[in-house]
Amino acid sequence: MIAARIAARSRAVAGVRRAAVEQIFAHESRSVAVNSTSTLRFTGSTHHDHNENSRNKRDQWKWAYIGLGTTLGYAGVGAAFWTLEKDSLSAHAKAQQAAKLMPAKEIHGKWKQVEEVGRDNALQQMSLNWVFRQAATLLTNLDVAVDDETVRIVTQGGYVISITEKYGYDGGEYVCSRRDNRSGKHIGRIVESTPTKVVLKITWDDPYGGEMYETFELLGDGRLKQTNKIKVNQDGTTGKAGEWYTYYSIFVRQ
């Protein structure tokens with residue numbers, strides 16, 4: 001596959017080289033036609049040019065052709081290998097990241113919230129109104145399903161509200177509906193995962209755009225802690241650029 005990609009790039013470079021040389025020769029032919037006393041053929045081994053200046057000029061252009069061909073050739077091969085190396089490194093980095101993501105199977109199960117600190121202030125920073133903030137207090141149940149490839153998180157509030165999100169251990173980006181019920185989507189991916197913890201990075205665009213790191217971690221006493229570190233583009237409480245703010249919830253198994 002790599003050889004095929006190099007060959008394709010080399011053909012592309014050759015095309016550029018031929019086009020450049022054709023332009024050079026076209027320009028030179030017009031120039032020589034004015035100054036020479038007879039016909040000059042670049043492809044022949046003999047000619048009838050008795051004008052020494054034209055002969056010297058022809059030789060200069062021939063060397064220019066050779067220099068241009070060599071330069072473009074090296075540049076093309078170098079660019080091909082640079083791009084392949086860059087792609088290879090990018091794929092290697094993703095593979096390394098995915099290899100470090102261990103399924104957080106110990107947080108698998110159904111959980112009920114018993115404590116919450118700081119969420120309302122975060123929702124105010126997101127410019128969410130009182131009605132929505134009150135509805136958010138109903139989201140007290142978590143259903144976390146973990147397998148070897150994905151983690152699925154369902155946040156529920158009785159029979160009224162349910163938010164379902166699913167992320168893969170391949171390190172890729174997954175698109176979900178925004179949690180604030182506004183237009184658009186959010187993009188999330190797993191950035192860290194161990195048997196007892198999973199960390200998500202979530203970003204969303206305007207209106208009221210921002211980013212968040214969300215951690216679900218099994219504590220030593222068997223409880224589950226959900227920690228949200230959030231920063232909005234514009235703080236709804238101050239009108240200024242947002243700053244990092246952290247809030248959390250504690251859950252016990254049902």
# chains A, B, ... in the order shown; residues from 1 in each chain; ligands from 1
call {"tool": "residues_around", "arguments": {"residues": "Asp147 in chain A", "least_positions_apart": "6", "cutoff": "9 Å", "atoms": "only C-alpha atoms", "output": "JSON, numbers by chain"}}
result
{"A": [103, 104, 105, 108]}
call {"tool": "residues_around", "arguments": {"residues": "Gly157 in chain A", "least_positions_apart": "5", "cutoff": "12 Å", "atoms": "only C-alpha atoms", "output": "ChimeraX atom specification"}}
result
/A:112-113,134-143,162-164
call {"tool": "write_last_selection", "arguments": {"atoms": "all heavy atoms", "output": "short mmCIF file (atom, residue, chain, number, x, y, z; two decimals), in the first residue's frame"}}
result
data_model
loop_
_atom_site.label_atom_id
_atom_site.label_comp_id
_atom_site.auth_asym_id
_atom_site.auth_seq_id
_atom_site.Cartn_x
_atom_site.Cartn_y
_atom_site.Cartn_z
N LYS A 112 -28.01 5.29 41.84
CA LYS A 112 -28.95 6.31 42.29
C LYS A 112 -28.20 7.42 43.00
O LYS A 112 -27.35 7.16 43.86
CB LYS A 112 -30.00 5.72 43.24
CG LYS A 112 -31.04 6.73 43.70
CD LYS A 112 -32.11 6.07 44.54
CE LYS A 112 -33.16 7.09 45.00
NZ LYS A 112 -33.83 7.77 43.86
N GLN A 113 -28.51 8.65 42.63
CA GLN A 113 -27.81 9.81 43.20
C GLN A 113 -28.21 10.03 44.66
O GLN A 113 -29.40 10.00 45.01
CB GLN A 113 -28.14 11.06 42.40
CG GLN A 113 -27.47 12.33 42.92
CD GLN A 113 -27.87 13.56 42.12
OE1 GLN A 113 -27.55 13.66 40.94
NE2 GLN A 113 -28.59 14.47 42.76
N GLN A 134 -34.56 23.33 37.20
CA GLN A 134 -35.37 22.52 38.09
C GLN A 134 -35.58 21.12 37.53
O GLN A 134 -35.55 20.11 38.25
CB GLN A 134 -36.72 23.19 38.34
CG GLN A 134 -36.63 24.46 39.17
CD GLN A 134 -35.96 24.22 40.51
OE1 GLN A 134 -36.40 23.39 41.31
NE2 GLN A 134 -34.89 24.96 40.78
N ALA A 135 -35.76 21.05 36.20
CA ALA A 135 -35.93 19.75 35.57
C ALA A 135 -34.66 18.91 35.72
O ALA A 135 -34.73 17.68 35.88
CB ALA A 135 -36.29 19.93 34.10
N ALA A 136 -33.51 19.57 35.70
CA ALA A 136 -32.24 18.86 35.82
C ALA A 136 -32.09 18.19 37.17
O ALA A 136 -31.37 17.17 37.29
CB ALA A 136 -31.08 19.82 35.58
N THR A 137 -32.75 18.72 38.20
CA THR A 137 -32.65 18.11 39.52
C THR A 137 -33.32 16.73 39.57
O THR A 137 -33.09 15.95 40.50
CB THR A 137 -33.28 19.01 40.59
OG1 THR A 137 -34.69 19.17 40.31
CG2 THR A 137 -32.62 20.39 40.61
N LEU A 138 -34.16 16.44 38.57
CA LEU A 138 -34.83 15.14 38.51
C LEU A 138 -33.91 14.05 37.98
O LEU A 138 -34.23 12.86 38.09
CB LEU A 138 -36.08 15.24 37.64
CG LEU A 138 -37.16 16.24 38.09
CD1 LEU A 138 -38.27 16.30 37.06
CD2 LEU A 138 -37.69 15.90 39.48
N LEU A 139 -32.79 14.44 37.39
CA LEU A 139 -31.88 13.45 36.79
C LEU A 139 -31.03 12.80 37.88
O LEU A 139 -29.88 13.16 38.12
CB LEU A 139 -30.99 14.14 35.75
CG LEU A 139 -31.72 14.73 34.55
CD1 LEU A 139 -30.77 15.55 33.70
CD2 LEU A 139 -32.38 13.63 33.73
N THR A 140 -31.62 11.82 38.54
CA THR A 140 -30.96 11.22 39.70
C THR A 140 -30.59 9.75 39.50
O THR A 140 -30.04 9.13 40.42
CB THR A 140 -31.88 11.33 40.93
OG1 THR A 140 -33.14 10.71 40.63
CG2 THR A 140 -32.13 12.80 41.30
N ASN A 141 -30.86 9.19 38.34
CA ASN A 141 -30.57 7.78 38.09
C ASN A 141 -29.61 7.62 36.92
O ASN A 141 -29.74 8.29 35.89
CB ASN A 141 -31.86 7.00 37.79
CG ASN A 141 -32.80 7.00 38.98
OD1 ASN A 141 -32.41 6.66 40.09
ND2 ASN A 141 -34.05 7.39 38.75
N LEU A 142 -28.64 6.73 37.09
CA LEU A 142 -27.69 6.41 36.04
C LEU A 142 -27.76 4.92 35.72
O LEU A 142 -27.83 4.09 36.63
CB LEU A 142 -26.25 6.73 36.48
CG LEU A 142 -25.75 8.17 36.43
CD1 LEU A 142 -24.30 8.21 36.91
CD2 LEU A 142 -25.86 8.74 35.03
N ASP A 143 -27.74 4.62 34.43
CA ASP A 143 -27.63 3.24 33.97
C ASP A 143 -26.38 3.18 33.09
O ASP A 143 -26.38 3.69 31.97
CB ASP A 143 -28.88 2.85 33.19
CG ASP A 143 -28.87 1.38 32.79
OD1 ASP A 143 -27.84 0.70 33.02
OD2 ASP A 143 -29.87 0.90 32.24
N SER A 162 -34.88 11.44 29.88
CA SER A 162 -33.89 10.39 29.67
C SER A 162 -32.88 10.86 28.64
O SER A 162 -33.25 11.31 27.55
CB SER A 162 -34.56 9.09 29.20
OG SER A 162 -33.61 8.07 29.00
N ILE A 163 -31.60 10.78 28.99
CA ILE A 163 -30.52 11.18 28.08
C ILE A 163 -29.61 9.97 27.87
O ILE A 163 -29.06 9.43 28.83
CB ILE A 163 -29.70 12.35 28.66
CG1 ILE A 163 -30.60 13.57 28.92
CG2 ILE A 163 -28.56 12.73 27.73
CD1 ILE A 163 -29.91 14.69 29.67
N THR A 164 -29.46 9.55 26.62
CA THR A 164 -28.64 8.38 26.30
C THR A 164 -27.45 8.79 25.46
O THR A 164 -27.60 9.47 24.43
CB THR A 164 -29.47 7.32 25.55
OG1 THR A 164 -30.59 6.93 26.36
CG2 THR A 164 -28.61 6.10 25.23
#
call {"tool": "atom_distance", "arguments": {"atom1": "CA of Glu106 in chain A", "atom2": "CA of Val151 in chain A"}}
result
11.6 Å
call {"tool": "select_by_dssp", "arguments": {"residues": "range 94-223 of chain A", "states": "strand (DSSP E or B)", "output": "PyMOL selection string"}}
result
chain A and resi 109-117+141-146+150-157+161-168+174-177+185-194+197-204+210-218
call {"tool": "residues_around", "arguments": {"residues": "range 222-225 of chain A", "least_positions_apart": "5", "cutoff": "7 Å", "atoms": "only C-alpha atoms", "output": "PDB file with N, CA and C atoms, in the first residue's frame"}}
result
ATOM      1  N   PHE A 216     -16.386   9.507  35.491  1.00  0.00           N
ATOM      2  CA  PHE A 216     -17.149   8.565  36.314  1.00  0.00           C
ATOM      3  C   PHE A 216     -16.128   7.627  36.960  1.00  0.00           C
ATOM      4  N   GLU A 217     -16.067   7.659  38.301  1.00  0.00           N
ATOM      5  CA  GLU A 217     -15.024   6.901  38.992  1.00  0.00           C
ATOM      6  C   GLU A 217     -15.598   6.154  40.191  1.00  0.00           C
ATOM      7  N   SER A 249     -21.396  14.777  41.616  1.00  0.00           N
ATOM      8  CA  SER A 249     -22.510  14.027  42.200  1.00  0.00           C
ATOM      9  C   SER A 249     -21.975  12.688  42.695  1.00  0.00           C
ATOM     10  N   ILE A 250     -22.635  12.153  43.743  1.00  0.00           N
ATOM     11  CA  ILE A 250     -22.276  10.869  44.311  1.00  0.00           C
ATOM     12  C   ILE A 250     -23.470   9.911  44.124  1.00  0.00           C
ATOM     13  N   PHE A 251     -23.175   8.666  43.733  1.00  0.00           N
ATOM     14  CA  PHE A 251     -24.218   7.666  43.492  1.00  0.00           C
ATOM     15  C   PHE A 251     -23.904   6.380  44.268  1.00  0.00           C
ATOM     16  N   VAL A 252     -24.974   5.666  44.600  1.00  0.00           N
ATOM     17  CA  VAL A 252     -24.835   4.335  45.186  1.00  0.00           C
ATOM     18  C   VAL A 252     -25.560   3.354  44.275  1.00  0.00           C
TER      19      VAL A 252
END
call {"tool": "residues_around", "arguments": {"residues": "Thr238 in chain A", "least_positions_apart": "3", "cutoff": "12 Å", "atoms": "only C-alpha atoms", "output": "PyMOL selection string"}}
result
chain A and resi 121+124-127+232-235+241-243
call {"tool": "residues_around", "arguments": {"residues": "range 178-181 of chain A", "least_positions_apart": "3", "cutoff": "12 Å", "atoms": "only C-alpha atoms", "output": "ChimeraX atom specification"}}
result
/A:122-124,126-129,131-133,135-136,139,154-155,161-165,175,184-188,202-212
